[in-house]
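See below for the structure under consideration.
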Amino acid sequence: MSMLMKPGDDLKGLIVQIQELVSDNHPNSEDDLESLLTWLNPNEPHSNHQCKPPTLRLKNTIKTLINQYYNGQFSEDDKEAGYTLVHLLKLYYIYQVRLHFFGSLSTLQTFKNVQRLVQYYEFPLKYIYLFEDCPEEWITERDGLMHYLLNRHRALKENVATRLGTLVMEDDFDLALVVVNWLNEARSNVSSIDILLDLIVEKVSRFCQKHMTGVWHNRFLIMETFNQFITNYWSHICLLLGCPEDNHELTTAVYHLFERQFIQLRTKEIFDIVVKEYPSSKPTILELRKVLVKSKDLTEIVVEFLSNFEKHILNPSITTVNALLAYVKTVKAFLTLDPTGRCLYSISAFVKPYFQERNDLVTVLLYAILELQSEEFEGSPEACLDLKSLNNLSQELRDPEFGIESTLELVPPADSYSPASTPDSEPHLLYKDVIESFLQWVPEPMDTISKSYASSLCPSGNLLDMLMEMFESKDFFVSEFLALLTRKLLALKMYTLDRKWSHCLRLLKTKFSPTTGVGAGSVSGTKGGDPSNINNIDVMLRDVRSSSELCKRMHQVTGLDQRVYPKFISPLYWNRTSVTHGNFQLDPQLAFELDKYCQVYSEIKPGRTLQLCKHQGMVVLELSFRDGRKQRCEATLEQCSVVQQFDESTGTTGLTDQMIATRLQMDPQRVRAALQHWVNEGVLYSDGSNFIPRDLAQDQKQTGIGSSQGSTEEISNNCLQIETEAITDRDARLAATLEKIWPFIQGMLTNLGALKLEKIHSFLKVTTPKEVGYNMVTPSQLESHLHYLVEEGRLTCTSNDAYKLVK
C-alpha cells in the first residue's frame with residue numbers, strides 16, 4: 001500500500017536523515033549543520049548567503065562535512081558516509097531551489113531578473129562541492145527550470161526577444177551572445193535562430209536606411225553597402241547563429257535582402273530621384289533597373305510616383321513650364337528605368353488630361369524648343385513667368401540621348417536577337433535557331449502594358465514624339481507654331497530669320513510633313529494633322545524672301561526713303577487676327593513716305609494694290625530733350641503716332657488720353673496703353689489725368705522716318721498686305737467653301753452650344769460633304785472666317801475663346 005506525502009513531510013524527512021547522518025559521523029556538529037542548511041537555503045533571504053562569502057566557521061563546517069571527501073585520505077566507510085551526506089544535501093538544495101523558483105515565477109519578467117536568480121542559486125556552489133562529482137546534475141536542473149520558464153511565461157519570452165533585439169541593434173554582441181546561449185541551453189520552444197533571422201532582416205533594413213537613403217550618384221551602391229555590412233557585422237552574426245563565416249548560401253540570401261531593401265527605398269524616393277535630381281540620379285536608376293525582376297515592383301514604383309506627381313506637380317499652383325520640365329525629366333528617367341516604355345505609357349495616360357487643361361502648354365513647349373529669351377516673348381504672360389525653368393527645359397530638350405531630334409532605337413526590333421551570320425561562323429540549320437528561340441521564350445507579365453502600346457508611345461525615344469501624345473492632334477501644335485512664327489516674322493527686323501527658328505521649322509517639317517513615314521520619326525499615336533499649315537509656313541517664308549528682293553529694287557528708285565523696309569504678305573496665308581486691331585491716323589510725313597512705296601509697288605506689280613497693316617509697323621526714334629539728353633527708342637506705329645502729339649507747344653498742362661484719341665481717331669484704350677508705354681520709358685509724365693512731356697525738345701527726330709542720321713541699322717518695319725485685283729483660282733475656291741459651310745456651323749452650334757475653334761474645325765472635317773471642299777481649309781483660315789462672322793453679327797465670341805450663335 002502506497003501513501004502520498006506532502007512536500008513539507010518530504011523536506012522534513014530529508015532534513016532528519018541529514019541530521020542523523022551528521023550526528024553519527026560528526027558528533028557535536030548539530031549547530032554547524034543548522035547554520036550550513038540555513039546558509040544554503042534560498043528561501044531564507046535574511047539569513048542565508050545573500051551572495052556573500054561564508055564566515056570562517058562556516059567554511060570549516062563545509063570543509064569538514066563535505067569538501068574533505070573530495071580531497072582527503074579516508075577509509076571506504078567514511079567516504080561512503082560522506083558521499084551519502086553530499087547526496088542528501090544535493091536533494092535538499094535542489095528541493096529548496098525548486099521551491100524558491102516556483103514561488104518567484106511572477107517576478108521573472110525580464111532576462112536580468114532571470115540572470116540574478118540563476119546567480120543567486122549558483123553562488124553557494126562556488127564554496128560547497130555538492131555537484132563536484134557530477135556537474136551535469138546541476139546544469140540539467142538549471143536548464144530544466146529555464147526550459148519550463150520559457151515555455152510557460154509568455155511575457156518573459158517577449159521581453160527576452162525584445163532585449164536581444166535591442167542588443168543586436170546597439171551592436172552589443174557580447175551580451176547578445178549571452179542571451180542566445182541562455183536560450184539555446186534552455187532548449188525551449190523559443191528558437192534563437194528564428195529571432196536572430198528576424199533581427200538580421202531588421203538590422204539590414206536599418207543599415208540600408210542609413211547608408212542608401214538619398215545616395216543617388218553611386219552606380220554600385222548595393223554591393224558597396226553589402227560589403228560594408230559584412231565587414232562590420234558578419235563575424236558577430238555568424239557567432240550568434242553558430243555557423244561558419246564562409247556560408248555562401250547565407251551570404252547570398254543576405255545580399256538579396258539588400259537588393260529588396262534597395263528597391264523599397266528607391267520606391268519611396270522615386271519622385272525626388274526623377275523630378276528633383278535627374279539626371280544626376282541616373283546611376284541609381286540604372287542600378288534599380290538591374291535589380292528589378294518582378295513586374296509587381298515596377299507597378300508599385302509607378303503608383304508611388306504618380307501619387308506624388310499628382311500631389312506636387314499636377315496642381316494649379318505649379319506653372320506650366322515647371323510642370324512640363326518635371327514631365328520631361330520623368331520621360332527620360334522612366335525610359336532609362338524601363339526601356340520598353342510600358343511604365344511611361346501608364347504615366348503618360350495618367351498625366352495627359354491634366355496637361356490638356358493648360359492653355360499655354362503648346363506655347364511653353366515652343367518657347368523651350370526655340371530657346372526664346374524674355375524680350376522675345378509674345379502673347380499671354382503666363383508662359384514666361386520662370387525664365388530659369390524655361391532655360392532648364394530647353395537644356396533638357398537638347399539632351400543628345402533623348403533630344404527632340406533623337407533617333408535612338410530604345411526598343412530593339414523583333415529579330416535583333418539573331419545575329420547575322422558571317423562567312424567564318426559555324427554553319428547550322430535554320431530550324432535550330434527556331435527551336436532555341438522557342439525554348440528561351442519567356443512570356444510577358446500579365447499586369448504590364450503590352451509591347452504594342454509601349455512602342456506606339458516611344459517608337460524612337462524621341463522627346464518631341466512623346467510630348468505630342470499630350471495633344472489631341474499634331475495639327476494643333478503646328479497651328480500654334482504658325483501663330484508664333486507669324487508674330488516673329490511680322491516683328492522681324494530686316495529679312496533674316498534667326499537660326500533657331502529655321503532649325504525648329506526644319507524639325508516640324510521632318511515630323512509632320514505628309515510624306516514623312518514612321519522611319520523618319522512621325523508621331524503614330526497622334527491624330528493626323530492638316531498639311532496646309534506647313535504649306536502656309538512655306539508661303540510666309542516665300543513672302544519674306546520676295547519682300548527682301550523687292551525692297552532692294554525699290555531702294556533703287558529715286559525719291560523713296562531707303563530707311564523703310566517693307567514686308568509684302570499674302571492675306572490668305574497669314575493669320576489675319578494678328579494684323580488687324582482697328583484704325584488710327586499716321587503721322588502725315590510717315591504716311592506720305594509709305595504712300596510713295598504703294599505707288600512704286602503698283603508700277604512694279606501692275607494690277608495690284610497695297611493695304612497698310614498699321615499695327616505691325618516698327619519705328620526707331622531718337623528723342624532729343626531740352627537738357628541735351630537723347631533717348632533712342634523702338635516703338636510701334638501706334639506708339640509713334642501718340643508720342644508725336646507732344647512737343648513744346650503742348651505746354652505745362654499736357655494732353656489727356658481722350659484728346660489724343662480724338663486727334664488720331666484711335667480707340668481710347670489703346671491710346672492709354674501707348675501713353676503708359678512712354679511713361680515707362682521715361683518720356684512722358686502723368687499726374688493722374690494729364691500726360692506731360694519730360695522736356696521734349698522741338699527738334700524731336702525720327703530715326704526710322706526723317707532722321708538726320710539715316711543709317712541702315714535704324715529701320716522701320718512696315719507690313720504691307722497684297723490685295724490682288726485678279727484673285728487666283730485657289731483663293732476663289734477657298735472663299736466659296738467658306739460661304740458654303742455656314743449651314744453646318746449653324747446646325748453644329750444649335751445642337752452642341754458654344755464650341756472652340758479646334759472642335760469646330762474637327763466637326764466640319766467630319767460632317768461636310770467632300771464636294772464642299774473643306775479639306776483645303778486650315779484652322780487659321782477658319783478662325784479668320786469665324787471672326788468675319790462675328791463682325792457680321794451672326795456669331796459671338798465668349799471670354800474663353802468659344803463661338804456661339806447670336807440669339
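Please note that chains go A, B, ... in the order of the C-alpha cells, that every chain numbers its residues from 1, and that ligands are numbered from 1 in the order shown.
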Using only C-alpha atoms, which protein or nucleic acid residues come within 12 Å of Tyr121 in chain A? Drop anything in the same chain fewer than 3 positions from it, and give the result as a compact mmCIF listing (two decimals) with all heavy atoms, in the first residue's frame.
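So the final result, stored in result.txt, reads:
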# COMPACT_ATOMS: atom_id res chain seq x y z
N TRP A 39 22.34 28.67 5.48
CA TRP A 39 23.15 29.43 4.51
C TRP A 39 22.88 28.98 3.07
O TRP A 39 22.88 29.79 2.15
CB TRP A 39 24.62 29.22 4.86
CG TRP A 39 25.55 30.03 4.00
CD1 TRP A 39 25.85 31.34 4.12
CD2 TRP A 39 26.33 29.53 2.91
NE1 TRP A 39 26.75 31.73 3.19
CE2 TRP A 39 27.08 30.62 2.41
CE3 TRP A 39 26.48 28.27 2.33
CZ2 TRP A 39 27.94 30.48 1.33
CZ3 TRP A 39 27.35 28.14 1.27
CH2 TRP A 39 28.06 29.25 0.75
N LEU A 40 22.60 27.67 2.95
CA LEU A 40 22.31 27.16 1.60
C LEU A 40 20.89 27.49 1.14
O LEU A 40 20.65 27.59 -0.06
CB LEU A 40 22.47 25.63 1.59
CG LEU A 40 23.87 25.07 1.43
CD1 LEU A 40 23.84 23.55 1.57
CD2 LEU A 40 24.46 25.46 0.09
N ASN A 41 19.96 27.65 2.00
CA ASN A 41 18.54 27.75 1.65
C ASN A 41 18.22 29.08 0.97
O ASN A 41 18.32 30.14 1.59
CB ASN A 41 17.71 27.61 2.92
CG ASN A 41 16.23 27.46 2.61
OD1 ASN A 41 15.82 27.51 1.44
ND2 ASN A 41 15.44 27.28 3.65
N PRO A 42 17.83 29.08 -0.31
CA PRO A 42 17.47 30.34 -0.97
C PRO A 42 16.17 30.95 -0.46
O PRO A 42 15.87 32.11 -0.76
CB PRO A 42 17.35 29.94 -2.44
CG PRO A 42 17.04 28.49 -2.42
CD PRO A 42 17.72 27.92 -1.21
N ASN A 43 15.42 30.16 0.29
CA ASN A 43 14.16 30.67 0.83
C ASN A 43 14.34 31.40 2.14
O ASN A 43 13.35 31.78 2.77
CB ASN A 43 13.18 29.50 1.02
CG ASN A 43 12.80 28.85 -0.30
OD1 ASN A 43 12.16 29.46 -1.14
ND2 ASN A 43 13.25 27.60 -0.50
N PRO A 45 16.00 34.58 2.79
CA PRO A 45 16.74 35.73 2.23
C PRO A 45 17.46 36.58 3.26
O PRO A 45 18.41 37.28 2.92
CB PRO A 45 15.63 36.54 1.54
CG PRO A 45 14.38 36.16 2.25
CD PRO A 45 14.53 34.74 2.66
N ASN A 48 20.46 33.63 4.85
CA ASN A 48 21.28 32.75 4.01
C ASN A 48 22.51 33.48 3.51
O ASN A 48 22.89 34.54 4.04
CB ASN A 48 20.45 32.17 2.87
CG ASN A 48 20.03 33.24 1.87
OD1 ASN A 48 20.34 34.42 2.05
ND2 ASN A 48 19.34 32.84 0.83
N HIS A 49 23.12 32.98 2.44
CA HIS A 49 24.40 33.52 1.97
C HIS A 49 24.29 34.95 1.45
O HIS A 49 25.25 35.72 1.53
CB HIS A 49 24.97 32.62 0.86
CG HIS A 49 24.04 32.46 -0.31
ND1 HIS A 49 23.90 33.37 -1.30
CD2 HIS A 49 23.18 31.45 -0.60
CE1 HIS A 49 23.03 32.95 -2.19
NE2 HIS A 49 22.55 31.77 -1.78
N GLN A 50 23.16 35.33 0.90
CA GLN A 50 22.96 36.69 0.37
C GLN A 50 24.07 37.09 -0.60
O GLN A 50 24.46 38.25 -0.68
CB GLN A 50 22.88 37.72 1.51
CG GLN A 50 21.70 37.49 2.42
CD GLN A 50 21.63 38.51 3.55
OE1 GLN A 50 22.55 39.32 3.73
NE2 GLN A 50 20.57 38.44 4.34
N CYS A 51 24.57 36.09 -1.33
CA CYS A 51 25.64 36.30 -2.32
C CYS A 51 26.89 36.89 -1.69
O CYS A 51 27.62 37.67 -2.33
CB CYS A 51 25.15 37.17 -3.47
SG CYS A 51 23.87 36.36 -4.47
N TYR A 93 19.20 20.81 -1.46
CA TYR A 93 19.40 22.09 -2.15
C TYR A 93 18.48 22.20 -3.39
O TYR A 93 17.86 23.24 -3.64
CB TYR A 93 20.86 22.25 -2.57
CG TYR A 93 21.16 23.62 -3.14
CD1 TYR A 93 21.11 24.75 -2.31
CD2 TYR A 93 21.47 23.79 -4.48
CE1 TYR A 93 21.37 26.00 -2.81
CE2 TYR A 93 21.73 25.05 -4.99
CZ TYR A 93 21.68 26.15 -4.15
OH TYR A 93 21.91 27.40 -4.65
N ILE A 94 18.38 21.09 -4.15
CA ILE A 94 17.51 21.12 -5.33
C ILE A 94 16.06 21.34 -4.91
O ILE A 94 15.32 22.08 -5.56
CB ILE A 94 17.67 19.81 -6.13
CG1 ILE A 94 19.05 19.77 -6.80
CG2 ILE A 94 16.56 19.67 -7.18
CD1 ILE A 94 19.34 18.47 -7.52
N TYR A 95 15.68 20.66 -3.79
CA TYR A 95 14.31 20.83 -3.29
C TYR A 95 14.06 22.30 -2.95
O TYR A 95 13.02 22.87 -3.32
CB TYR A 95 14.12 19.95 -2.05
CG TYR A 95 12.67 19.81 -1.65
CD1 TYR A 95 11.96 18.67 -1.97
CD2 TYR A 95 12.02 20.83 -0.95
CE1 TYR A 95 10.63 18.53 -1.62
CE2 TYR A 95 10.70 20.70 -0.59
CZ TYR A 95 10.00 19.57 -0.92
OH TYR A 95 8.68 19.45 -0.57
N GLN A 96 14.99 22.95 -2.25
CA GLN A 96 14.81 24.35 -1.86
C GLN A 96 14.84 25.29 -3.08
O GLN A 96 14.10 26.27 -3.13
CB GLN A 96 15.93 24.75 -0.87
CG GLN A 96 15.88 24.04 0.46
CD GLN A 96 14.70 24.51 1.32
OE1 GLN A 96 13.82 25.23 0.88
NE2 GLN A 96 14.69 24.04 2.58
N VAL A 97 15.70 24.96 -4.04
CA VAL A 97 15.75 25.79 -5.25
C VAL A 97 14.44 25.73 -6.00
O VAL A 97 13.91 26.75 -6.47
CB VAL A 97 16.92 25.35 -6.15
CG1 VAL A 97 16.79 25.95 -7.54
CG2 VAL A 97 18.25 25.75 -5.54
N ARG A 98 13.90 24.52 -6.16
CA ARG A 98 12.62 24.40 -6.87
C ARG A 98 11.52 25.15 -6.13
O ARG A 98 10.69 25.81 -6.74
CB ARG A 98 12.24 22.93 -7.01
CG ARG A 98 13.12 22.17 -7.98
CD ARG A 98 12.70 20.72 -8.05
NE ARG A 98 13.51 19.96 -8.99
CZ ARG A 98 13.37 18.64 -9.21
NH1 ARG A 98 12.44 17.96 -8.55
NH2 ARG A 98 14.14 18.03 -10.10
N LEU A 99 11.52 25.00 -4.82
CA LEU A 99 10.50 25.68 -4.02
C LEU A 99 10.60 27.19 -4.19
O LEU A 99 9.59 27.88 -4.38
CB LEU A 99 10.67 25.29 -2.54
CG LEU A 99 9.57 25.80 -1.59
CD1 LEU A 99 8.23 25.19 -1.96
CD2 LEU A 99 9.94 25.44 -0.14
N HIS A 100 11.82 27.71 -4.17
CA HIS A 100 12.02 29.15 -4.33
C HIS A 100 11.69 29.59 -5.77
O HIS A 100 11.11 30.64 -6.01
CB HIS A 100 13.46 29.51 -4.00
CG HIS A 100 13.75 30.99 -4.10
ND1 HIS A 100 14.17 31.59 -5.27
CD2 HIS A 100 13.64 31.97 -3.17
CE1 HIS A 100 14.33 32.86 -5.07
NE2 HIS A 100 14.02 33.14 -3.79
N PHE A 101 12.07 28.76 -6.77
CA PHE A 101 11.85 29.11 -8.19
C PHE A 101 10.36 29.27 -8.50
O PHE A 101 9.93 30.28 -9.09
CB PHE A 101 12.47 28.03 -9.08
CG PHE A 101 12.19 28.22 -10.54
CD1 PHE A 101 12.88 29.14 -11.30
CD2 PHE A 101 11.19 27.45 -11.16
CE1 PHE A 101 12.60 29.30 -12.64
CE2 PHE A 101 10.91 27.62 -12.50
CZ PHE A 101 11.62 28.54 -13.25
N VAL A 114 16.04 36.94 -14.49
CA VAL A 114 16.42 35.53 -14.57
C VAL A 114 17.91 35.38 -14.29
O VAL A 114 18.34 34.44 -13.57
CB VAL A 114 16.07 34.97 -15.94
CG1 VAL A 114 16.53 33.52 -16.06
CG2 VAL A 114 14.57 35.05 -16.18
N GLN A 115 18.73 36.28 -14.84
CA GLN A 115 20.17 36.21 -14.58
C GLN A 115 20.47 36.33 -13.09
O GLN A 115 21.30 35.58 -12.54
CB GLN A 115 20.89 37.33 -15.34
CG GLN A 115 21.21 37.02 -16.79
CD GLN A 115 22.05 38.11 -17.41
OE1 GLN A 115 21.71 39.29 -17.36
NE2 GLN A 115 23.16 37.70 -18.01
N ARG A 116 19.83 37.27 -12.44
CA ARG A 116 20.06 37.45 -11.00
C ARG A 116 19.64 36.20 -10.23
O ARG A 116 20.32 35.78 -9.27
CB ARG A 116 19.27 38.65 -10.50
CG ARG A 116 19.75 39.99 -11.03
CD ARG A 116 19.11 41.13 -10.26
NE ARG A 116 19.39 42.42 -10.88
CZ ARG A 116 18.54 43.09 -11.64
NH1 ARG A 116 17.33 42.58 -11.85
NH2 ARG A 116 18.87 44.24 -12.16
N LEU A 117 18.53 35.58 -10.64
CA LEU A 117 18.06 34.40 -9.93
C LEU A 117 19.04 33.23 -10.10
O LEU A 117 19.36 32.54 -9.12
CB LEU A 117 16.69 34.01 -10.46
CG LEU A 117 15.99 32.86 -9.74
CD1 LEU A 117 15.67 33.28 -8.30
CD2 LEU A 117 14.72 32.44 -10.46
N VAL A 118 19.53 33.02 -11.31
CA VAL A 118 20.50 31.94 -11.54
C VAL A 118 21.78 32.20 -10.76
O VAL A 118 22.37 31.27 -10.16
CB VAL A 118 20.77 31.79 -13.04
CG1 VAL A 118 21.89 30.80 -13.29
CG2 VAL A 118 19.51 31.35 -13.78
N PRO A 124 26.35 29.78 -3.81
CA PRO A 124 26.92 28.89 -2.76
C PRO A 124 27.67 27.70 -3.34
O PRO A 124 28.53 27.12 -2.66
CB PRO A 124 25.69 28.43 -1.97
CG PRO A 124 24.55 28.61 -2.89
CD PRO A 124 24.89 29.79 -3.76
N LEU A 125 27.39 27.33 -4.59
CA LEU A 125 28.08 26.19 -5.19
C LEU A 125 29.54 26.47 -5.47
O LEU A 125 30.30 25.54 -5.78
CB LEU A 125 27.37 25.77 -6.48
CG LEU A 125 25.90 25.36 -6.32
CD1 LEU A 125 25.31 24.96 -7.66
CD2 LEU A 125 25.75 24.23 -5.30
N LYS A 126 29.93 27.76 -5.40
CA LYS A 126 31.35 28.08 -5.54
C LYS A 126 32.15 27.64 -4.33
O LYS A 126 33.37 27.41 -4.43
CB LYS A 126 31.53 29.59 -5.72
CG LYS A 126 30.87 30.16 -6.97
CD LYS A 126 31.05 31.67 -6.99
CE LYS A 126 30.37 32.28 -8.21
NZ LYS A 126 30.49 33.77 -8.22
N TRP A 138 23.54 19.53 -11.83
CA TRP A 138 23.07 20.90 -11.60
C TRP A 138 22.73 21.60 -12.92
O TRP A 138 21.72 22.31 -13.00
CB TRP A 138 24.13 21.70 -10.85
CG TRP A 138 23.81 23.18 -10.86
CD1 TRP A 138 24.48 24.15 -11.50
CD2 TRP A 138 22.70 23.81 -10.22
NE1 TRP A 138 23.89 25.37 -11.31
CE2 TRP A 138 22.77 25.18 -10.51
CE3 TRP A 138 21.66 23.34 -9.42
CZ2 TRP A 138 21.86 26.10 -10.04
CZ3 TRP A 138 20.74 24.26 -8.94
CH2 TRP A 138 20.84 25.62 -9.25
N ILE A 139 23.54 21.37 -13.94
CA ILE A 139 23.27 22.01 -15.24
C ILE A 139 21.91 21.55 -15.78
O ILE A 139 21.12 22.35 -16.28
CB ILE A 139 24.41 21.69 -16.23
CG1 ILE A 139 25.72 22.31 -15.75
CG2 ILE A 139 24.05 22.18 -17.63
CD1 ILE A 139 26.92 21.95 -16.60
N GLU A 141 19.42 20.42 -14.02
CA GLU A 141 18.37 21.01 -13.18
C GLU A 141 18.14 22.48 -13.55
O GLU A 141 16.99 22.93 -13.70
CB GLU A 141 18.79 20.89 -11.71
CG GLU A 141 17.80 21.51 -10.73
CD GLU A 141 16.48 20.77 -10.69
OE1 GLU A 141 16.43 19.59 -11.07
OE2 GLU A 141 15.48 21.38 -10.28
N ARG A 142 19.22 23.23 -13.68
CA ARG A 142 19.10 24.66 -14.02
C ARG A 142 18.44 24.86 -15.39
O ARG A 142 17.51 25.65 -15.53
CB ARG A 142 20.49 25.29 -14.01
CG ARG A 142 20.51 26.78 -14.33
CD ARG A 142 21.93 27.19 -14.68
NE ARG A 142 22.38 26.54 -15.91
CZ ARG A 142 23.65 26.55 -16.33
NH1 ARG A 142 24.58 27.15 -15.63
NH2 ARG A 142 23.97 25.92 -17.45
N LEU A 145 14.73 24.15 -15.35
CA LEU A 145 13.93 25.26 -14.83
C LEU A 145 13.77 26.36 -15.87
O LEU A 145 12.69 26.95 -16.03
CB LEU A 145 14.59 25.82 -13.56
CG LEU A 145 14.63 24.88 -12.35
CD1 LEU A 145 15.39 25.54 -11.20
CD2 LEU A 145 13.24 24.47 -11.90
Quiz prompt | Of the listed residues A:Glu396, A:Glu269, A:Asp801, A:Glu44, that which approaches Val328 in chain A most closely, counting only C-alpha atoms | solution = A:Glu396
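Non-sequential neighbours of range 225-238 of chain A (distance at most 9 Å, separation of 2 or more positions within a chain, only C-alpha atoms) are Asp171, Phe173, Asp174, Leu177, Leu196, Ile200, Val204, Phe207, Cys208, His211, Met212, Phe220, Leu221, Ile222, Met223, Leu240, Leu241, Gly242, Cys243, Pro244, Glu245, Thr251, Val254, Tyr255 and Phe258 of chain A.
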Quiz item: Leaving out Phe334 in chain A and any residue of its chain fewer than 3 positions from it, which residues lie within 9 Å of it when counting only C-alpha atoms, given as a VMD selection string?
Solution: chain A and resid 274 285 329 to 331 337 to 339 341 343 to 344
Go ahead and write the residues just picked, all heavy atoms, as an mmCIF file, in the first residue's frame.
data_model
loop_
_atom_site.group_PDB
_atom_site.id
_atom_site.type_symbol
_atom_site.label_atom_id
_atom_site.label_comp_id
_atom_site.auth_asym_id
_atom_site.auth_seq_id
_atom_site.Cartn_x
_atom_site.Cartn_y
_atom_site.Cartn_z
ATOM 1 N N VAL A 274 13.460 61.227 -59.691
ATOM 2 C CA VAL A 274 13.095 61.523 -61.073
ATOM 3 C C VAL A 274 12.957 63.019 -61.307
ATOM 4 O O VAL A 274 13.529 63.575 -62.249
ATOM 5 C CB VAL A 274 11.785 60.788 -61.439
ATOM 6 C CG1 VAL A 274 11.265 61.256 -62.785
ATOM 7 C CG2 VAL A 274 12.021 59.288 -61.452
ATOM 8 N N ILE A 285 19.219 55.004 -60.938
ATOM 9 C CA ILE A 285 18.149 54.477 -61.794
ATOM 10 C C ILE A 285 18.650 53.263 -62.571
ATOM 11 O O ILE A 285 17.943 52.260 -62.714
ATOM 12 C CB ILE A 285 17.642 55.575 -62.747
ATOM 13 C CG1 ILE A 285 16.988 56.714 -61.942
ATOM 14 C CG2 ILE A 285 16.656 55.013 -63.756
ATOM 15 C CD1 ILE A 285 16.527 57.871 -62.794
ATOM 16 N N LYS A 329 11.674 65.368 -67.488
ATOM 17 C CA LYS A 329 12.589 64.562 -66.680
ATOM 18 C C LYS A 329 11.999 63.184 -66.401
ATOM 19 O O LYS A 329 12.724 62.181 -66.370
ATOM 20 C CB LYS A 329 12.889 65.282 -65.364
ATOM 21 C CG LYS A 329 13.752 66.518 -65.507
ATOM 22 C CD LYS A 329 14.099 67.094 -64.149
ATOM 23 C CE LYS A 329 15.052 68.277 -64.270
ATOM 24 N NZ LYS A 329 15.429 68.814 -62.944
ATOM 25 N N THR A 330 10.674 63.152 -66.199
ATOM 26 C CA THR A 330 10.015 61.869 -65.961
ATOM 27 C C THR A 330 10.156 60.954 -67.164
ATOM 28 O O THR A 330 10.443 59.755 -67.026
ATOM 29 C CB THR A 330 8.530 62.110 -65.656
ATOM 30 O OG1 THR A 330 8.411 62.924 -64.480
ATOM 31 C CG2 THR A 330 7.802 60.801 -65.440
ATOM 32 N N VAL A 331 9.949 61.504 -68.352
ATOM 33 C CA VAL A 331 10.076 60.699 -69.570
ATOM 34 C C VAL A 331 11.476 60.118 -69.677
ATOM 35 O O VAL A 331 11.670 58.912 -69.926
ATOM 36 C CB VAL A 331 9.740 61.554 -70.807
ATOM 37 C CG1 VAL A 331 10.098 60.821 -72.085
ATOM 38 C CG2 VAL A 331 8.261 61.936 -70.815
ATOM 39 N N LEU A 337 14.837 53.703 -66.809
ATOM 40 C CA LEU A 337 14.464 52.621 -65.902
ATOM 41 C C LEU A 337 13.814 51.460 -66.647
ATOM 42 O O LEU A 337 14.076 50.294 -66.345
ATOM 43 C CB LEU A 337 13.506 53.156 -64.833
ATOM 44 C CG LEU A 337 13.001 52.159 -63.795
ATOM 45 C CD1 LEU A 337 14.167 51.632 -62.965
ATOM 46 C CD2 LEU A 337 11.954 52.809 -62.896
ATOM 47 N N ASP A 338 12.964 51.777 -67.610
ATOM 48 C CA ASP A 338 12.233 50.750 -68.354
ATOM 49 C C ASP A 338 12.277 51.075 -69.841
ATOM 50 O O ASP A 338 11.399 51.775 -70.351
ATOM 51 C CB ASP A 338 10.788 50.680 -67.850
ATOM 52 C CG ASP A 338 9.954 49.700 -68.650
ATOM 53 O OD1 ASP A 338 10.535 48.714 -69.140
ATOM 54 O OD2 ASP A 338 8.738 49.927 -68.797
ATOM 55 N N PRO A 339 13.288 50.624 -70.552
ATOM 56 C CA PRO A 339 13.422 50.983 -71.973
ATOM 57 C C PRO A 339 12.263 50.512 -72.839
ATOM 58 O O PRO A 339 12.071 51.025 -73.931
ATOM 59 C CB PRO A 339 14.737 50.291 -72.388
ATOM 60 C CG PRO A 339 15.482 50.070 -71.121
ATOM 61 C CD PRO A 339 14.443 49.834 -70.077
ATOM 62 N N GLY A 341 9.185 51.082 -72.338
ATOM 63 C CA GLY A 341 8.186 52.143 -72.381
ATOM 64 C C GLY A 341 6.866 51.795 -71.738
ATOM 65 O O GLY A 341 5.925 52.595 -71.780
ATOM 66 N N CYS A 343 6.058 51.472 -68.497
ATOM 67 C CA CYS A 343 5.794 52.392 -67.382
ATOM 68 C C CYS A 343 5.427 53.776 -67.912
ATOM 69 O O CYS A 343 4.511 54.426 -67.406
ATOM 70 C CB CYS A 343 7.021 52.492 -66.476
ATOM 71 S SG CYS A 343 7.388 50.996 -65.576
ATOM 72 N N LEU A 344 6.154 54.215 -68.915
ATOM 73 C CA LEU A 344 5.920 55.552 -69.446
ATOM 74 C C LEU A 344 4.534 55.661 -70.063
ATOM 75 O O LEU A 344 3.909 56.724 -70.006
ATOM 76 C CB LEU A 344 6.996 55.883 -70.483
ATOM 77 C CG LEU A 344 7.005 57.330 -70.975
ATOM 78 C CD1 LEU A 344 7.158 58.283 -69.810
ATOM 79 C CD2 LEU A 344 8.128 57.537 -71.969
#
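The closest residue to Tyr573 in chain A, picked from A:Arg663, A:Arg163, A:Lys596, A:Arg542 and counting only C-alpha atoms, is A:Arg542.
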Quiz item: Which one is closest to Thr284 in chain A: A:Val321, A:Asp194, A:Glu300, A:Thr336? Count only C-alpha atoms.
Solution: A:Thr336
Self-check item: Best match for closeness to Glu20 in chain A among A:Gly773, A:Leu36, A:Ala81, A:Leu757, counting only C-alpha atoms
Solution: A:Ala81
Exercise. Would you list, as a PyMOL selection string, the residues of range 39-247 of chain A that end up in alpha helix (DSSP H) under DSSP run on this structure's backbone?
Key: chain A and resi 39-40+56-62+68-71+76-103+111-122+135-152+154-169+173-186+192-212+221-241
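For Asp543 in chain A, the residues within 9 Å (counting only C-alpha atoms, excluding itself and residues fewer than 3 positions away along the chain) are Asp538, Val539, Met540, Ser546, Ser547, Ser548, Lys567, Phe568, Ile569 and Ser570 of chain A.
For the pair CA of Ser106 in chain A and CA of Tyr120 in chain A, the separation is 16.8 Å.
When CA of Gln639 in chain A is paired with CA of Asp561 in chain A, their separation reads 21.0 Å.
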Self-check item: For Gly688 in chain A: contacts at 12 Å, only C-alpha atoms, fewer than 4 positions along chain excluded, given as a PyMOL selection string
Solution: chain A and resi 654-657+672+675-676+679+692
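One finds CA of Thr166 in chain A at 9.4 Å from CA of Leu199 in chain A.
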